[in-house]
Amino acid sequence: MANEKIAVIYYSATGTTYKLARAIEEGAKAAGAEVRFRKVKELAPEEAIKSNEGWAAHRLETQDVEEAVNGDLEWADAIILGTPTRYGLPAAQLKQFVDGTGGLWAKGALNDKVFSAFTSIATLHGGHESTLLSIYNIAYSWGCIIVAPSYADPIQFQAGNPYGASFTSNNGALAPDETALAAARFQGTRVANIARDLLAGRAK
Ligand SMILES: Cc1cc2nc3c(=O)[nH]c(=O)nc-3n(C[C@H](O)[C@H](O)[C@H](O)COP(=O)(O)O)c2cc1C
């Protein structure tokens, strides 16, 4: 049987969410998945990006990462979406990508795919869960099956977020630590394993 296909689709302005996304990709690949690693389109004005050194640098660093298209969602057996927290919600860039999926939704193309989410954030109580839960709302309409990391691995008792990988970056001053990266790798692995089990069950 073919390997399970996973689309890791994220937005990151200053690179924190990107680092979690790479760890998720790593975990999924370690479990044997084929991964499409994709950023969503930047929407912010050029002046805003240039006025923030970290933002401009990260854009340059990831210039070769392919932009997500709807075909990536259609291709995937599992979709993992990531975004920085913006006022307790996903970034508009990710939302804009999601808002362009009406055609897929209308033909039921997203039904029965595995779905998971991750975020990064400035402060401890700044909205980890609220951002993740609002992303998970998308899954109900898309017809996906939510697979959160839960406490399904010992690393989750250290990372402490059963909803999805997340990291408190102090506005980008801190890069994801080993606990956050290990939890992100676990999330990628768990999603890959569950997607594989579902595919195998359907093939019976
Ligand atoms: C407009 C805006 C709104 C934000 N809202 C929140 C928030 O509600 N809670 C929080 O803790 N951090 C908030 N942040 C901080 C980012 O979520 C945080 O720095 C994140 O780690 C950045 O991720 P990135 O490096 O992938 O862009 C906000 C940042 C911006 C620019």
# chains A, B, ... in the order shown; residues from 1 in each chain; ligands from 1
>>> residues_near_ligand(ligand="ligand 1", cutoff="9 Å", atoms="only C-alpha atoms and all ligand atoms", output="PyMOL selection string")
chain A and resi 10-20+54-55+58+82-91+119-128+131+166-175
>>> write_last_selection(atoms="N, CA and C atoms", output="tab-separated table (two decimals), in the first residue's frame")
chain	number	residue	atom	x	y	z
A	10	TYR	N	1.18	25.97	6.64
A	10	TYR	CA	1.35	26.88	7.77
A	10	TYR	C	1.52	28.31	7.29
A	11	TYR	N	1.32	29.23	8.23
A	11	TYR	CA	1.76	30.61	8.05
A	11	TYR	C	2.73	30.92	9.19
A	12	SER	N	3.76	31.67	8.90
A	12	SER	CA	4.69	32.13	9.94
A	12	SER	C	5.27	33.45	9.49
A	13	ALA	N	5.20	34.48	10.33
A	13	ALA	CA	5.80	35.77	9.98
A	13	ALA	C	7.27	35.77	10.38
A	14	THR	N	7.55	35.40	11.63
A	14	THR	CA	8.92	35.56	12.13
A	14	THR	C	9.62	34.23	12.42
A	15	GLY	N	9.01	33.12	12.02
A	15	GLY	CA	9.74	31.85	11.99
A	15	GLY	C	9.47	30.87	13.11
A	16	THR	N	8.75	31.28	14.15
A	16	THR	CA	8.51	30.35	15.26
A	16	THR	C	7.59	29.21	14.82
A	17	THR	N	6.50	29.56	14.20
A	17	THR	CA	5.55	28.53	13.75
A	17	THR	C	6.20	27.65	12.68
A	18	TYR	N	7.04	28.27	11.87
A	18	TYR	CA	7.77	27.51	10.84
A	18	TYR	C	8.60	26.40	11.47
A	19	LYS	N	9.28	26.71	12.58
A	19	LYS	CA	10.14	25.69	13.23
A	19	LYS	C	9.29	24.53	13.76
A	20	LEU	N	8.12	24.84	14.29
A	20	LEU	CA	7.22	23.76	14.72
A	20	LEU	C	6.77	22.95	13.51
A	54	GLY	N	12.92	40.64	11.71
A	54	GLY	CA	12.70	39.19	11.81
A	54	GLY	C	11.76	38.68	10.73
A	55	TRP	N	10.77	39.47	10.42
A	55	TRP	CA	9.77	39.10	9.41
A	55	TRP	C	10.43	39.07	8.02
A	58	HIS	N	12.82	36.12	7.80
A	58	HIS	CA	12.16	34.81	7.67
A	58	HIS	C	11.57	34.64	6.28
A	82	GLY	N	-0.99	25.12	10.62
A	82	GLY	CA	-0.32	25.85	11.70
A	82	GLY	C	-0.33	27.35	11.45
A	83	THR	N	-0.36	28.10	12.53
A	83	THR	CA	-0.42	29.56	12.43
A	83	THR	C	0.04	30.19	13.74
A	84	PRO	N	0.64	31.38	13.67
A	84	PRO	CA	0.81	32.13	14.91
A	84	PRO	C	-0.56	32.56	15.44
A	85	THR	N	-0.64	32.76	16.71
A	85	THR	CA	-1.87	33.30	17.30
A	85	THR	C	-1.96	34.79	17.02
A	86	ARG	N	-3.10	35.21	16.58
A	86	ARG	CA	-3.38	36.64	16.36
A	86	ARG	C	-4.65	36.98	17.14
A	87	TYR	N	-4.47	37.63	18.27
A	87	TYR	CA	-5.62	37.98	19.11
A	87	TYR	C	-6.49	36.75	19.41
A	88	GLY	N	-5.81	35.65	19.72
A	88	GLY	CA	-6.54	34.43	20.08
A	88	GLY	C	-7.14	33.69	18.90
A	89	LEU	N	-6.75	34.08	17.71
A	89	LEU	CA	-7.32	33.48	16.49
A	89	LEU	C	-6.19	33.15	15.52
A	90	PRO	N	-6.49	32.37	14.46
A	90	PRO	CA	-5.47	32.14	13.42
A	90	PRO	C	-5.16	33.41	12.65
A	91	ALA	N	-3.97	33.48	12.07
A	91	ALA	CA	-3.58	34.62	11.23
A	91	ALA	C	-4.46	34.68	9.99
A	119	THR	N	0.19	25.87	16.81
A	119	THR	CA	0.28	27.33	16.85
A	119	THR	C	1.52	27.77	17.61
A	120	SER	N	1.89	29.03	17.44
A	120	SER	CA	2.86	29.64	18.35
A	120	SER	C	2.31	30.99	18.77
A	121	ILE	N	2.86	31.50	19.84
A	121	ILE	CA	2.17	32.55	20.58
A	121	ILE	C	3.18	33.31	21.42
A	122	ALA	N	2.83	34.52	21.84
A	122	ALA	CA	3.80	35.31	22.61
A	122	ALA	C	3.80	34.97	24.10
A	123	THR	N	2.62	34.80	24.67
A	123	THR	CA	2.54	34.70	26.13
A	123	THR	C	1.79	33.44	26.58
A	124	LEU	N	2.05	33.05	27.82
A	124	LEU	CA	1.53	31.80	28.35
A	124	LEU	C	0.01	31.68	28.25
A	125	HIS	N	-0.67	32.74	28.56
A	125	HIS	CA	-2.14	32.69	28.53
A	125	HIS	C	-2.71	33.52	27.39
A	126	GLY	N	-1.91	33.66	26.33
A	126	GLY	CA	-2.32	34.51	25.20
A	126	GLY	C	-3.27	33.87	24.22
A	127	GLY	N	-3.62	32.57	24.43
A	127	GLY	CA	-4.64	31.99	23.54
A	127	GLY	C	-4.27	30.72	22.80
A	128	HIS	N	-3.33	29.92	23.35
A	128	HIS	CA	-2.98	28.65	22.67
A	128	HIS	C	-4.24	27.87	22.30
A	131	THR	N	-6.86	29.56	19.87
A	131	THR	CA	-6.47	29.52	18.44
A	131	THR	C	-6.67	28.11	17.88
A	166	SER	N	2.39	23.67	20.49
A	166	SER	CA	2.36	25.13	20.61
A	166	SER	C	3.62	25.55	21.35
A	167	PHE	N	4.01	26.79	21.13
A	167	PHE	CA	5.19	27.29	21.83
A	167	PHE	C	5.03	28.76	22.16
A	168	THR	N	5.43	29.10	23.39
A	168	THR	CA	5.34	30.48	23.85
A	168	THR	C	6.65	31.19	23.52
A	169	SER	N	6.62	32.06	22.52
A	169	SER	CA	7.87	32.58	21.94
A	169	SER	C	8.32	33.92	22.52
A	170	ASN	N	7.52	34.50	23.39
A	170	ASN	CA	7.83	35.85	23.89
A	170	ASN	C	8.08	36.79	22.70
A	171	ASN	N	7.11	36.79	21.79
A	171	ASN	CA	7.18	37.60	20.56
A	171	ASN	C	8.42	37.31	19.72
A	172	GLY	N	8.72	36.04	19.60
A	172	GLY	CA	9.82	35.64	18.73
A	172	GLY	C	11.19	35.72	19.40
A	173	ALA	N	11.24	36.13	20.67
A	173	ALA	CA	12.54	36.22	21.35
A	173	ALA	C	13.09	34.82	21.65
A	174	LEU	N	12.19	33.84	21.79
A	174	LEU	CA	12.60	32.47	22.09
A	174	LEU	C	12.25	31.55	20.92
A	175	ALA	N	13.19	30.70	20.53
A	175	ALA	CA	12.90	29.69	19.50
A	175	ALA	C	12.35	28.45	20.21
>>> select_by_dssp(residues="segment 66-193 of chain A", states="strand (DSSP E)", output="PDB file with N, CA and C atoms, in the first residue's frame")
ATOM      1  N   ALA A  78      -4.098  13.415   5.202  1.00  0.00           N
ATOM      2  CA  ALA A  78      -4.137  14.137   6.486  1.00  0.00           C
ATOM      3  C   ALA A  78      -3.638  15.559   6.271  1.00  0.00           C
ATOM      4  N   ILE A  79      -4.311  16.495   6.941  1.00  0.00           N
ATOM      5  CA  ILE A  79      -3.987  17.920   6.793  1.00  0.00           C
ATOM      6  C   ILE A  79      -3.597  18.444   8.175  1.00  0.00           C
ATOM      7  N   ILE A  80      -2.447  19.103   8.244  1.00  0.00           N
ATOM      8  CA  ILE A  80      -2.026  19.698   9.522  1.00  0.00           C
ATOM      9  C   ILE A  80      -1.802  21.188   9.273  1.00  0.00           C
ATOM     10  N   LEU A  81      -2.607  22.028   9.925  1.00  0.00           N
ATOM     11  CA  LEU A  81      -2.533  23.471   9.718  1.00  0.00           C
ATOM     12  C   LEU A  81      -1.863  24.150  10.912  1.00  0.00           C
ATOM     13  N   GLY A  82      -0.993  25.124  10.622  1.00  0.00           N
ATOM     14  CA  GLY A  82      -0.320  25.852  11.699  1.00  0.00           C
ATOM     15  C   GLY A  82      -0.326  27.349  11.451  1.00  0.00           C
ATOM     16  N   THR A  83      -0.361  28.099  12.530  1.00  0.00           N
ATOM     17  CA  THR A  83      -0.425  29.556  12.432  1.00  0.00           C
ATOM     18  C   THR A  83       0.039  30.193  13.738  1.00  0.00           C
ATOM     19  N   PRO A  84       0.636  31.376  13.665  1.00  0.00           N
ATOM     20  CA  PRO A  84       0.809  32.129  14.913  1.00  0.00           C
ATOM     21  C   PRO A  84      -0.556  32.556  15.442  1.00  0.00           C
ATOM     22  N   THR A  85      -0.642  32.762  16.710  1.00  0.00           N
ATOM     23  CA  THR A  85      -1.873  33.297  17.300  1.00  0.00           C
ATOM     24  C   THR A  85      -1.962  34.793  17.018  1.00  0.00           C
ATOM     25  N   ARG A  86      -3.103  35.215  16.576  1.00  0.00           N
ATOM     26  CA  ARG A  86      -3.380  36.640  16.358  1.00  0.00           C
ATOM     27  C   ARG A  86      -4.646  36.978  17.141  1.00  0.00           C
ATOM     28  N   LEU A  89      -6.749  34.081  17.706  1.00  0.00           N
ATOM     29  CA  LEU A  89      -7.318  33.481  16.486  1.00  0.00           C
ATOM     30  C   LEU A  89      -6.188  33.146  15.517  1.00  0.00           C
ATOM     31  N   PRO A  90      -6.488  32.368  14.459  1.00  0.00           N
ATOM     32  CA  PRO A  90      -5.475  32.135  13.423  1.00  0.00           C
ATOM     33  C   PRO A  90      -5.156  33.414  12.652  1.00  0.00           C
ATOM     34  N   VAL A 114      -7.833  13.156   7.845  1.00  0.00           N
ATOM     35  CA  VAL A 114      -7.393  13.441   9.219  1.00  0.00           C
ATOM     36  C   VAL A 114      -6.972  14.908   9.295  1.00  0.00           C
ATOM     37  N   PHE A 115      -7.224  15.536  10.432  1.00  0.00           N
ATOM     38  CA  PHE A 115      -6.976  16.976  10.586  1.00  0.00           C
ATOM     39  C   PHE A 115      -6.343  17.253  11.938  1.00  0.00           C
ATOM     40  N   SER A 116      -5.324  18.095  11.942  1.00  0.00           N
ATOM     41  CA  SER A 116      -4.670  18.458  13.198  1.00  0.00           C
ATOM     42  C   SER A 116      -4.129  19.880  13.071  1.00  0.00           C
ATOM     43  N   ALA A 117      -3.793  20.509  14.203  1.00  0.00           N
ATOM     44  CA  ALA A 117      -3.398  21.923  14.147  1.00  0.00           C
ATOM     45  C   ALA A 117      -2.327  22.248  15.190  1.00  0.00           C
ATOM     46  N   PHE A 118      -1.565  23.315  14.898  1.00  0.00           N
ATOM     47  CA  PHE A 118      -0.525  23.774  15.838  1.00  0.00           C
ATOM     48  C   PHE A 118      -0.419  25.291  15.767  1.00  0.00           C
ATOM     49  N   THR A 119       0.187  25.867  16.807  1.00  0.00           N
ATOM     50  CA  THR A 119       0.281  27.328  16.850  1.00  0.00           C
ATOM     51  C   THR A 119       1.524  27.772  17.607  1.00  0.00           C
ATOM     52  N   SER A 120       1.890  29.027  17.438  1.00  0.00           N
ATOM     53  CA  SER A 120       2.856  29.639  18.351  1.00  0.00           C
ATOM     54  C   SER A 120       2.310  30.994  18.767  1.00  0.00           C
ATOM     55  N   ILE A 121       2.858  31.499  19.844  1.00  0.00           N
ATOM     56  CA  ILE A 121       2.166  32.546  20.585  1.00  0.00           C
ATOM     57  C   ILE A 121       3.183  33.313  21.425  1.00  0.00           C
ATOM     58  N   ILE A 145     -11.552  14.388  10.242  1.00  0.00           N
ATOM     59  CA  ILE A 145     -11.509  13.681  11.528  1.00  0.00           C
ATOM     60  C   ILE A 145     -10.371  14.305  12.348  1.00  0.00           C
ATOM     61  N   ILE A 146     -10.718  14.936  13.459  1.00  0.00           N
ATOM     62  CA  ILE A 146      -9.694  15.624  14.256  1.00  0.00           C
ATOM     63  C   ILE A 146      -8.848  14.612  15.028  1.00  0.00           C
ATOM     64  N   SER A 166       2.385  23.672  20.491  1.00  0.00           N
ATOM     65  CA  SER A 166       2.362  25.131  20.612  1.00  0.00           C
ATOM     66  C   SER A 166       3.624  25.553  21.351  1.00  0.00           C
ATOM     67  N   PHE A 167       4.007  26.793  21.132  1.00  0.00           N
ATOM     68  CA  PHE A 167       5.194  27.287  21.834  1.00  0.00           C
ATOM     69  C   PHE A 167       5.030  28.756  22.164  1.00  0.00           C
ATOM     70  N   THR A 168       5.433  29.098  23.385  1.00  0.00           N
ATOM     71  CA  THR A 168       5.337  30.478  23.850  1.00  0.00           C
ATOM     72  C   THR A 168       6.648  31.190  23.519  1.00  0.00           C
TER      73      THR A 168
END
>>> closest_atom_pairs(of="segment 60-155 of chain A", to="segment 41-47 of chain A", cutoff="9 Å", atoms="only C-alpha atoms", output="CSV")
residue,atom,partner,partner_atom,distance
A:Glu67,CA,A:Lys41,CA,6.1
A:Ala68,CA,A:Lys41,CA,7.4
A:Ala92,CA,A:Leu43,CA,8.1
A:Gln93,CA,A:Leu43,CA,6.1
A:Leu94,CA,A:Lys41,CA,8.0
A:Gln96,CA,A:Lys41,CA,8.6
A:Phe97,CA,A:Lys41,CA,7.6
>>> atom_distance(atom1="atom CA of Thr62 of chain A", atom2="atom CA of Val191 of chain A")
24.4 Å
>>> residues_around(residues="segment 22-25 of chain A", least_positions_apart="2", cutoff="6 Å", atoms="only C-alpha atoms", output="list in words")
Lys19, Leu20, Gly27, Ala28, Leu181, Ala184, Arg185 and Gly188 of chain A
>>> closest_residue(among="A:Ile138, A:Asp112, A:Glu129, A:Pro162", to="Leu198 of chain A", atoms="only C-alpha atoms")
A:Asp112
>>> residues_around(residues="Tyr163 of chain A", least_positions_apart="4", cutoff="7 Å", atoms="only C-alpha atoms", output="list in words")
Glu129, Leu132, Ala148, Pro149 and Ser150 of chain A
>>> write_last_selection(atoms="C-alpha atoms", output="PDB file, in the first residue's frame")
ATOM      1  CA  GLU A 129      -6.192  26.701  23.098  1.00  0.00           C
ATOM      2  CA  LEU A 132      -6.305  25.749  18.125  1.00  0.00           C
ATOM      3  CA  ALA A 148      -5.067  15.990  18.391  1.00  0.00           C
ATOM      4  CA  PRO A 149      -1.890  14.871  20.155  1.00  0.00           C
ATOM      5  CA  SER A 150      -3.821  14.477  23.410  1.00  0.00           C
TER       6      SER A 150
END
>>> closest_residue(among="A:Ala109, A:Val40, A:Ala2, A:Ala33", to="Arg59 of chain A", atoms="only C-alpha atoms")
A:Val40
>>> closest_residue(among="A:Leu104, A:Ala7, A:Ile135, A:Ala203", to="Phe37 of chain A", atoms="only C-alpha atoms")
A:Ala7
>>> atom_distance(atom1="atom CA of Asp77 of chain A", atom2="atom CA of Gln187 of chain A")
15.2 Å
>>> closest_residue(among="A:Glu4, A:Glu178, A:Asp99, A:Glu66", to="Gly32 of chain A", atoms="only C-alpha atoms")
A:Glu4
>>> closest_residue(among="A:Asp153, A:Ala57, A:Ser134, A:Leu73", to="Lys95 of chain A", atoms="only C-alpha atoms")
A:Ser134
>>> atom_distance(atom1="atom CA of Arg36 of chain A", atom2="atom CA of Ile194 of chain A")
17.4 Å
>>> select_by_dssp(residues="segment 13-202 of chain A", states="helix (DSSP H, G or I)", output="ChimeraX atom specification")
/A:16-30,46-50,53-61,70-75,92-99,102-106,128-142,155-159,178-202
>>> closest_residue(among="A:Ile49, A:Tyr136, A:Ala183, A:Lys5", to="Asn161 of chain A", atoms="only C-alpha atoms")
A:Ala183
>>> decode(residues="segment 102-126 of chain A", atoms="N, CA and C atoms", output="PDB file, in the first residue's frame")
ATOM      1  N   GLY A 102     -13.807  26.743  -0.933  1.00  0.00           N
ATOM      2  CA  GLY A 102     -15.244  26.493  -1.127  1.00  0.00           C
ATOM      3  C   GLY A 102     -15.519  25.436  -2.187  1.00  0.00           C
ATOM      4  N   GLY A 103     -14.747  25.466  -3.264  1.00  0.00           N
ATOM      5  CA  GLY A 103     -14.961  24.503  -4.355  1.00  0.00           C
ATOM      6  C   GLY A 103     -14.727  23.080  -3.892  1.00  0.00           C
ATOM      7  N   LEU A 104     -13.663  22.901  -3.103  1.00  0.00           N
ATOM      8  CA  LEU A 104     -13.365  21.553  -2.579  1.00  0.00           C
ATOM      9  C   LEU A 104     -14.463  21.101  -1.630  1.00  0.00           C
ATOM     10  N   TRP A 105     -14.842  22.021  -0.761  1.00  0.00           N
ATOM     11  CA  TRP A 105     -15.886  21.705   0.228  1.00  0.00           C
ATOM     12  C   TRP A 105     -17.185  21.298  -0.477  1.00  0.00           C
ATOM     13  N   ALA A 106     -17.543  22.078  -1.518  1.00  0.00           N
ATOM     14  CA  ALA A 106     -18.820  21.845  -2.205  1.00  0.00           C
ATOM     15  C   ALA A 106     -18.882  20.459  -2.827  1.00  0.00           C
ATOM     16  N   LYS A 107     -17.735  19.951  -3.260  1.00  0.00           N
ATOM     17  CA  LYS A 107     -17.786  18.605  -3.856  1.00  0.00           C
ATOM     18  C   LYS A 107     -17.386  17.506  -2.855  1.00  0.00           C
ATOM     19  N   GLY A 108     -17.291  17.891  -1.601  1.00  0.00           N
ATOM     20  CA  GLY A 108     -17.021  16.893  -0.549  1.00  0.00           C
ATOM     21  C   GLY A 108     -15.615  16.320  -0.593  1.00  0.00           C
ATOM     22  N   ALA A 109     -14.688  17.086  -1.201  1.00  0.00           N
ATOM     23  CA  ALA A 109     -13.345  16.547  -1.426  1.00  0.00           C
ATOM     24  C   ALA A 109     -12.516  16.448  -0.150  1.00  0.00           C
ATOM     25  N   LEU A 110     -12.972  17.072   0.932  1.00  0.00           N
ATOM     26  CA  LEU A 110     -12.172  17.065   2.159  1.00  0.00           C
ATOM     27  C   LEU A 110     -12.732  16.097   3.209  1.00  0.00           C
ATOM     28  N   ASN A 111     -13.834  15.450   2.856  1.00  0.00           N
ATOM     29  CA  ASN A 111     -14.447  14.505   3.796  1.00  0.00           C
ATOM     30  C   ASN A 111     -13.476  13.393   4.168  1.00  0.00           C
ATOM     31  N   ASP A 112     -13.507  13.035   5.436  1.00  0.00           N
ATOM     32  CA  ASP A 112     -12.827  11.831   5.948  1.00  0.00           C
ATOM     33  C   ASP A 112     -11.306  11.922   6.002  1.00  0.00           C
ATOM     34  N   LYS A 113     -10.762  13.130   5.807  1.00  0.00           N
ATOM     35  CA  LYS A 113      -9.314  13.296   5.969  1.00  0.00           C
ATOM     36  C   LYS A 113      -9.007  13.559   7.451  1.00  0.00           C
ATOM     37  N   VAL A 114      -7.833  13.156   7.845  1.00  0.00           N
ATOM     38  CA  VAL A 114      -7.393  13.441   9.219  1.00  0.00           C
ATOM     39  C   VAL A 114      -6.972  14.908   9.295  1.00  0.00           C
ATOM     40  N   PHE A 115      -7.224  15.536  10.432  1.00  0.00           N
ATOM     41  CA  PHE A 115      -6.976  16.976  10.586  1.00  0.00           C
ATOM     42  C   PHE A 115      -6.343  17.253  11.938  1.00  0.00           C
ATOM     43  N   SER A 116      -5.324  18.095  11.942  1.00  0.00           N
ATOM     44  CA  SER A 116      -4.670  18.458  13.198  1.00  0.00           C
ATOM     45  C   SER A 116      -4.129  19.880  13.071  1.00  0.00           C
ATOM     46  N   ALA A 117      -3.793  20.509  14.203  1.00  0.00           N
ATOM     47  CA  ALA A 117      -3.398  21.923  14.147  1.00  0.00           C
ATOM     48  C   ALA A 117      -2.327  22.248  15.190  1.00  0.00           C
ATOM     49  N   PHE A 118      -1.565  23.315  14.898  1.00  0.00           N
ATOM     50  CA  PHE A 118      -0.525  23.774  15.838  1.00  0.00           C
ATOM     51  C   PHE A 118      -0.419  25.291  15.767  1.00  0.00           C
ATOM     52  N   THR A 119       0.187  25.867  16.807  1.00  0.00           N
ATOM     53  CA  THR A 119       0.281  27.328  16.850  1.00  0.00           C
ATOM     54  C   THR A 119       1.524  27.772  17.607  1.00  0.00           C
ATOM     55  N   SER A 120       1.890  29.027  17.438  1.00  0.00           N
ATOM     56  CA  SER A 120       2.856  29.639  18.351  1.00  0.00           C
ATOM     57  C   SER A 120       2.310  30.994  18.767  1.00  0.00           C
ATOM     58  N   ILE A 121       2.858  31.499  19.844  1.00  0.00           N
ATOM     59  CA  ILE A 121       2.166  32.546  20.585  1.00  0.00           C
ATOM     60  C   ILE A 121       3.183  33.313  21.425  1.00  0.00           C
ATOM     61  N   ALA A 122       2.830  34.523  21.843  1.00  0.00           N
ATOM     62  CA  ALA A 122       3.800  35.309  22.612  1.00  0.00           C
ATOM     63  C   ALA A 122       3.798  34.974  24.099  1.00  0.00           C
ATOM     64  N   THR A 123       2.616  34.797  24.669  1.00  0.00           N
ATOM     65  CA  THR A 123       2.538  34.697  26.132  1.00  0.00           C
ATOM     66  C   THR A 123       1.786  33.441  26.580  1.00  0.00           C
ATOM     67  N   LEU A 124       2.054  33.053  27.820  1.00  0.00           N
ATOM     68  CA  LEU A 124       1.529  31.798  28.352  1.00  0.00           C
ATOM     69  C   LEU A 124       0.014  31.681  28.248  1.00  0.00           C
ATOM     70  N   HIS A 125      -0.670  32.744  28.557  1.00  0.00           N
ATOM     71  CA  HIS A 125      -2.142  32.688  28.532  1.00  0.00           C
ATOM     72  C   HIS A 125      -2.710  33.519  27.386  1.00  0.00           C
ATOM     73  N   GLY A 126      -1.913  33.661  26.333  1.00  0.00           N
ATOM     74  CA  GLY A 126      -2.323  34.512  25.205  1.00  0.00           C
ATOM     75  C   GLY A 126      -3.270  33.869  24.223  1.00  0.00           C
TER      76      GLY A 126
END
